[in-house]
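> First the structure, then my questions, so here it is.
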Amino acid sequence: PATPRGLMVQVAYDTVHLTWRANTEPDLAGYNVFRDKEKINPALVPETTYSEYVPLDGYFYYQVSAVDTFGNESAKCDSVKADLVPPEVTINIPNWYDYVHGMVPVIGTAWDEIFAEYKLSFGAGENPVEFTPILACSTARRNDTLGIWPTGNLDDGIYTLKLSAVDFNTNRDSTYTIVNIDNSPPNPPTLSGELLPDTNAYLHWQPDSLYGIEYGTFNAYRSLTPGSNYAKIGSIEWDTSFIDTTVQNGKTYYYVVTAIDWTGNESDFSNQVEI
């Protein structure tokens, strides 16, 4: 018999559906179906359709041949590819157990040759009972910003951030990362200060016991008006003192400092010191 023609493939929910045009030989007995050159039908297929469930990820190539009542078999038709490869999904940032706060950029990959959609969602704890949607997007991205996760209204604690994606063959995959949300700023330090003999202003402070120097960063602010109009004059790392070398004789300055925790939350102003 003639080689079958018009073989087409559709994939849906891990099932491969094949269709082809019917041969016209009067002595046609049926068809054989091949996956990656191996025959997969246990008996001749009498119709021009065939479906099989494939519980594996990958690309699979299908062909069909025709068989007549005398057992003669045609050549196999040209192969068609069935795509059962799920989208590529990765979350690069934030990393596992990162401390995050505020508006959190989510950077990673959601990509496929026949990409349909990705979704970001989150749930409380390490094994959430339910997830809350963040966004959905139909644009595939690689090593790019997938979205911004607003965490400002969430309670501090551990959350699971989930990325899921699906392609137009309904292949789907997901991944997740676990983060610590910390939107609570540290308590302000206690500030002291004096004028040095060289007329520079010396500031030193005592951090709150929960946010000591090991947390890293403090900001110093100065104003010519008591209680307002503070401008930042320095960012101090791994120290609890600061010398302002830009003061002018005859002027009075008002200083405050803030503490910044390792998530980036900044405290309220400390007590004001007049120099």
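Each chain in the structure tokens gets a letter, A, B and so on, in the order shown; residues start at 1 in every chain, and ligands are counted from 1 in the order they appear.
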Show me, as a count of residues only, the residues that have an atom within 12 Å of Leu154 in chain A when counting only C-alpha atoms, minus same-chain residues fewer than 3 positions from it.

19

> Could you list, with a cut-off of 12 Å and counting only C-alpha atoms, the residues of range 10-100 of chain A near range 165-170 of chain A, each shown with its nearest atom pair and the distance in Å rounded to one decimal, rows sorted by chain and ascending number, as JSON lines?


{"residue": "A:Gln10", "atom": "CA", "partner": "A:Asn169", "partner_atom": "CA", "distance": 7.5}
{"residue": "A:Val11", "atom": "CA", "partner": "A:Asn169", "partner_atom": "CA", "distance": 5.2}
{"residue": "A:Ala12", "atom": "CA", "partner": "A:Asn169", "partner_atom": "CA", "distance": 5.4}
{"residue": "A:Tyr13", "atom": "CA", "partner": "A:Thr170", "partner_atom": "CA", "distance": 5.6}
{"residue": "A:Asp14", "atom": "CA", "partner": "A:Thr170", "partner_atom": "CA", "distance": 7.9}
{"residue": "A:Thr15", "atom": "CA", "partner": "A:Asn169", "partner_atom": "CA", "distance": 9.6}
{"residue": "A:Val16", "atom": "CA", "partner": "A:Asn169", "partner_atom": "CA", "distance": 9.7}
{"residue": "A:His17", "atom": "CA", "partner": "A:Asn169", "partner_atom": "CA", "distance": 11.3}
{"residue": "A:Ala82", "atom": "CA", "partner": "A:Asn169", "partner_atom": "CA", "distance": 9.2}
{"residue": "A:Asp83", "atom": "CA", "partner": "A:Asn169", "partner_atom": "CA", "distance": 7.3}
{"residue": "A:Leu84", "atom": "CA", "partner": "A:Asn169", "partner_atom": "CA", "distance": 7.5}
{"residue": "A:Val85", "atom": "CA", "partner": "A:Asn169", "partner_atom": "CA", "distance": 9.1}
{"residue": "A:Pro86", "atom": "CA", "partner": "A:Val166", "partner_atom": "CA", "distance": 7.1}
{"residue": "A:Pro87", "atom": "CA", "partner": "A:Ala165", "partner_atom": "CA", "distance": 6.2}
{"residue": "A:Glu88", "atom": "CA", "partner": "A:Ala165", "partner_atom": "CA", "distance": 8.0}
{"residue": "A:Val89", "atom": "CA", "partner": "A:Ala165", "partner_atom": "CA", "distance": 7.0}
{"residue": "A:Thr90", "atom": "CA", "partner": "A:Ala165", "partner_atom": "CA", "distance": 10.2}

> May I have the selected residues written with C-alpha atoms, as a PDB file, in the first residue's frame?


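In the end it all went to part.pdb:
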ATOM      1  CA  GLN A  10      -1.419  17.288  19.105  1.00  0.00           C
ATOM      2  CA  VAL A  11      -0.334  17.102  22.741  1.00  0.00           C
ATOM      3  CA  ALA A  12      -2.622  17.725  25.697  1.00  0.00           C
ATOM      4  CA  TYR A  13      -2.074  16.771  29.335  1.00  0.00           C
ATOM      5  CA  ASP A  14       0.690  14.232  28.598  1.00  0.00           C
ATOM      6  CA  THR A  15      -1.387  12.520  25.918  1.00  0.00           C
ATOM      7  CA  VAL A  16      -0.283  12.407  22.272  1.00  0.00           C
ATOM      8  CA  HIS A  17      -3.082  12.472  19.669  1.00  0.00           C
ATOM      9  CA  ALA A  82       5.525  15.553  19.835  1.00  0.00           C
ATOM     10  CA  ASP A  83       6.723  18.085  22.395  1.00  0.00           C
ATOM     11  CA  LEU A  84       6.276  16.880  25.963  1.00  0.00           C
ATOM     12  CA  VAL A  85       9.010  19.077  27.402  1.00  0.00           C
ATOM     13  CA  PRO A  86       7.707  21.368  30.163  1.00  0.00           C
ATOM     14  CA  PRO A  87       8.712  25.031  30.299  1.00  0.00           C
ATOM     15  CA  GLU A  88      11.989  25.984  31.915  1.00  0.00           C
ATOM     16  CA  VAL A  89      11.298  27.602  35.290  1.00  0.00           C
ATOM     17  CA  THR A  90      13.865  28.998  37.726  1.00  0.00           C
TER      18      THR A  90
END

> May I have the residues within 10 Å of Thr199 in chain A as a list of chain:residue names, using only C-alpha atoms and disregarding those fewer than 3 positions away in the same chain?

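Neighbouring residues, sequence-local ones excluded: A:Glu194, A:Leu195, A:Leu196, A:Tyr202, A:Asp244, A:Thr245, A:Thr246, A:Val247, A:Gln248, A:Asn249.
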
> Please identify which residues in range 55-217 of chain A DSSP calls strand (DSSP E) from the backbone, and express them as a PyMOL selection string.

chain A and resi 59-68+80-83+88-93+99-100+103-111+115-124+132-137+141-150+157-167+172-181+190-195+201-206+217

> Using only C-alpha atoms, please write the residues we just selected to a file, as a PDB file, in the first residue's frame.


ATOM      1  CA  TYR A  59      10.613  15.099  22.398  1.00  0.00           C
ATOM      2  CA  PHE A  60       9.115  12.038  20.707  1.00  0.00           C
ATOM      3  CA  TYR A  61       8.930  11.325  16.976  1.00  0.00           C
ATOM      4  CA  TYR A  62       5.994   9.476  15.422  1.00  0.00           C
ATOM      5  CA  GLN A  63       5.482   7.733  12.095  1.00  0.00           C
ATOM      6  CA  VAL A  64       2.713   5.661  10.524  1.00  0.00           C
ATOM      7  CA  SER A  65       2.754   2.849   7.945  1.00  0.00           C
ATOM      8  CA  ALA A  66      -0.095   1.104   6.070  1.00  0.00           C
ATOM      9  CA  VAL A  67      -0.630  -2.680   5.948  1.00  0.00           C
ATOM     10  CA  ASP A  68      -2.827  -4.591   3.452  1.00  0.00           C
ATOM     11  CA  VAL A  80       6.320  14.394  13.304  1.00  0.00           C
ATOM     12  CA  LYS A  81       7.562  15.667  16.652  1.00  0.00           C
ATOM     13  CA  ALA A  82       5.525  15.553  19.835  1.00  0.00           C
ATOM     14  CA  ASP A  83       6.723  18.085  22.395  1.00  0.00           C
ATOM     15  CA  GLU A  88      11.989  25.984  31.915  1.00  0.00           C
ATOM     16  CA  VAL A  89      11.298  27.602  35.290  1.00  0.00           C
ATOM     17  CA  THR A  90      13.865  28.998  37.726  1.00  0.00           C
ATOM     18  CA  ILE A  91      13.877  31.642  40.445  1.00  0.00           C
ATOM     19  CA  ASN A  92      17.307  33.234  40.781  1.00  0.00           C
ATOM     20  CA  ILE A  93      16.369  36.118  43.095  1.00  0.00           C
ATOM     21  CA  TYR A  99      15.537  38.351  53.990  1.00  0.00           C
ATOM     22  CA  VAL A 100      13.318  40.611  51.879  1.00  0.00           C
ATOM     23  CA  MET A 103       8.672  45.700  46.833  1.00  0.00           C
ATOM     24  CA  VAL A 104      10.616  42.517  46.042  1.00  0.00           C
ATOM     25  CA  PRO A 105      11.910  42.000  42.462  1.00  0.00           C
ATOM     26  CA  VAL A 106      11.570  38.390  41.321  1.00  0.00           C
ATOM     27  CA  ILE A 107      14.262  37.494  38.787  1.00  0.00           C
ATOM     28  CA  GLY A 108      14.430  34.185  36.952  1.00  0.00           C
ATOM     29  CA  THR A 109      13.370  32.239  33.891  1.00  0.00           C
ATOM     30  CA  ALA A 110      10.010  31.134  32.512  1.00  0.00           C
ATOM     31  CA  TRP A 111      10.612  29.986  28.937  1.00  0.00           C
ATOM     32  CA  PHE A 115       5.256  29.362  25.719  1.00  0.00           C
ATOM     33  CA  ALA A 116       1.764  30.172  26.977  1.00  0.00           C
ATOM     34  CA  GLU A 117       1.893  31.728  30.462  1.00  0.00           C
ATOM     35  CA  TYR A 118       3.666  31.939  33.789  1.00  0.00           C
ATOM     36  CA  LYS A 119       2.255  32.798  37.200  1.00  0.00           C
ATOM     37  CA  LEU A 120       3.773  34.038  40.438  1.00  0.00           C
ATOM     38  CA  SER A 121       2.073  33.319  43.750  1.00  0.00           C
ATOM     39  CA  PHE A 122       2.936  33.077  47.430  1.00  0.00           C
ATOM     40  CA  GLY A 123       1.813  31.288  50.558  1.00  0.00           C
ATOM     41  CA  ALA A 124       2.558  31.564  54.253  1.00  0.00           C
ATOM     42  CA  THR A 132      -2.254  33.902  46.728  1.00  0.00           C
ATOM     43  CA  PRO A 133      -1.727  35.112  43.130  1.00  0.00           C
ATOM     44  CA  ILE A 134       0.788  37.885  42.508  1.00  0.00           C
ATOM     45  CA  LEU A 135       0.598  38.127  38.714  1.00  0.00           C
ATOM     46  CA  ALA A 136       0.240  36.220  35.447  1.00  0.00           C
ATOM     47  CA  CYS A 137       2.161  36.989  32.239  1.00  0.00           C
ATOM     48  CA  ARG A 141      11.507  35.545  29.938  1.00  0.00           C
ATOM     49  CA  ARG A 142      15.032  34.291  30.515  1.00  0.00           C
ATOM     50  CA  ASN A 143      17.170  35.563  33.397  1.00  0.00           C
ATOM     51  CA  ASP A 144      14.947  38.600  33.608  1.00  0.00           C
ATOM     52  CA  THR A 145      12.575  40.309  36.002  1.00  0.00           C
ATOM     53  CA  LEU A 146       9.445  38.171  36.189  1.00  0.00           C
ATOM     54  CA  GLY A 147       7.561  40.598  38.392  1.00  0.00           C
ATOM     55  CA  ILE A 148       7.506  42.659  41.563  1.00  0.00           C
ATOM     56  CA  TRP A 149       6.138  41.097  44.749  1.00  0.00           C
ATOM     57  CA  PRO A 150       4.618  43.692  47.115  1.00  0.00           C
ATOM     58  CA  GLY A 157       7.812  35.590  58.799  1.00  0.00           C
ATOM     59  CA  ILE A 158       8.592  32.768  56.386  1.00  0.00           C
ATOM     60  CA  TYR A 159       6.821  32.602  53.028  1.00  0.00           C
ATOM     61  CA  THR A 160       6.987  30.371  49.957  1.00  0.00           C
ATOM     62  CA  LEU A 161       7.264  32.114  46.578  1.00  0.00           C
ATOM     63  CA  LYS A 162       6.094  29.930  43.677  1.00  0.00           C
ATOM     64  CA  LEU A 163       6.666  30.208  39.925  1.00  0.00           C
ATOM     65  CA  SER A 164       4.576  28.026  37.593  1.00  0.00           C
ATOM     66  CA  ALA A 165       4.468  27.966  33.794  1.00  0.00           C
ATOM     67  CA  VAL A 166       2.573  26.197  31.009  1.00  0.00           C
ATOM     68  CA  ASP A 167       3.088  25.941  27.249  1.00  0.00           C
ATOM     69  CA  ARG A 172       3.673  22.559  32.813  1.00  0.00           C
ATOM     70  CA  ASP A 173       6.238  22.854  35.575  1.00  0.00           C
ATOM     71  CA  SER A 174       6.793  24.876  38.722  1.00  0.00           C
ATOM     72  CA  THR A 175       9.484  25.816  41.188  1.00  0.00           C
ATOM     73  CA  TYR A 176       9.643  27.724  44.439  1.00  0.00           C
ATOM     74  CA  THR A 177      11.883  29.439  46.930  1.00  0.00           C
ATOM     75  CA  ILE A 178      11.444  30.169  50.620  1.00  0.00           C
ATOM     76  CA  VAL A 179      12.105  33.650  51.996  1.00  0.00           C
ATOM     77  CA  ASN A 180      11.964  35.561  55.249  1.00  0.00           C
ATOM     78  CA  ILE A 181       9.850  38.697  55.036  1.00  0.00           C
ATOM     79  CA  THR A 190      20.748  56.476  71.281  1.00  0.00           C
ATOM     80  CA  LEU A 191      22.887  59.383  70.054  1.00  0.00           C
ATOM     81  CA  SER A 192      25.528  61.465  71.823  1.00  0.00           C
ATOM     82  CA  GLY A 193      27.910  64.093  70.452  1.00  0.00           C
ATOM     83  CA  GLU A 194      30.354  66.873  71.184  1.00  0.00           C
ATOM     84  CA  LEU A 195      32.549  69.436  69.483  1.00  0.00           C
ATOM     85  CA  ALA A 201      31.567  67.489  65.330  1.00  0.00           C
ATOM     86  CA  TYR A 202      31.978  64.034  66.846  1.00  0.00           C
ATOM     87  CA  LEU A 203      28.913  61.770  66.934  1.00  0.00           C
ATOM     88  CA  HIS A 204      28.695  58.399  68.654  1.00  0.00           C
ATOM     89  CA  TRP A 205      25.721  56.214  69.409  1.00  0.00           C
ATOM     90  CA  GLN A 206      24.540  53.091  71.130  1.00  0.00           C
ATOM     91  CA  THR A 217      24.804  50.203  58.604  1.00  0.00           C
TER      92      THR A 217
END

> CA of Ala259 in chain A to CA of Val273 in chain A: how many Å, to one decimal?

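Answer for the CA of Ala259 in chain A to CA of Val273 in chain A separation: 16.0 Å.
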
> Pick out the closest residue to Gly234 in chain A from this set: A:Val9, A:Leu28, A:Val129, A:Val256. Count only C-alpha atoms.

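Smallest distance to Gly234 in chain A is found for A:Val256.
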
> So how many Å separate CA of Asp208 in chain A and CA of Glu266 in chain A, to one decimal?

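Rounded to one decimal, the two atoms are 12.9 Å apart.
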
> What is the distance, in Å and to one decimal place, between CA of Pro94 in chain A and CA of Glu126 in chain A?

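For CA of Pro94 in chain A relative to CA of Glu126 in chain A, the distance reads 15.0 Å.
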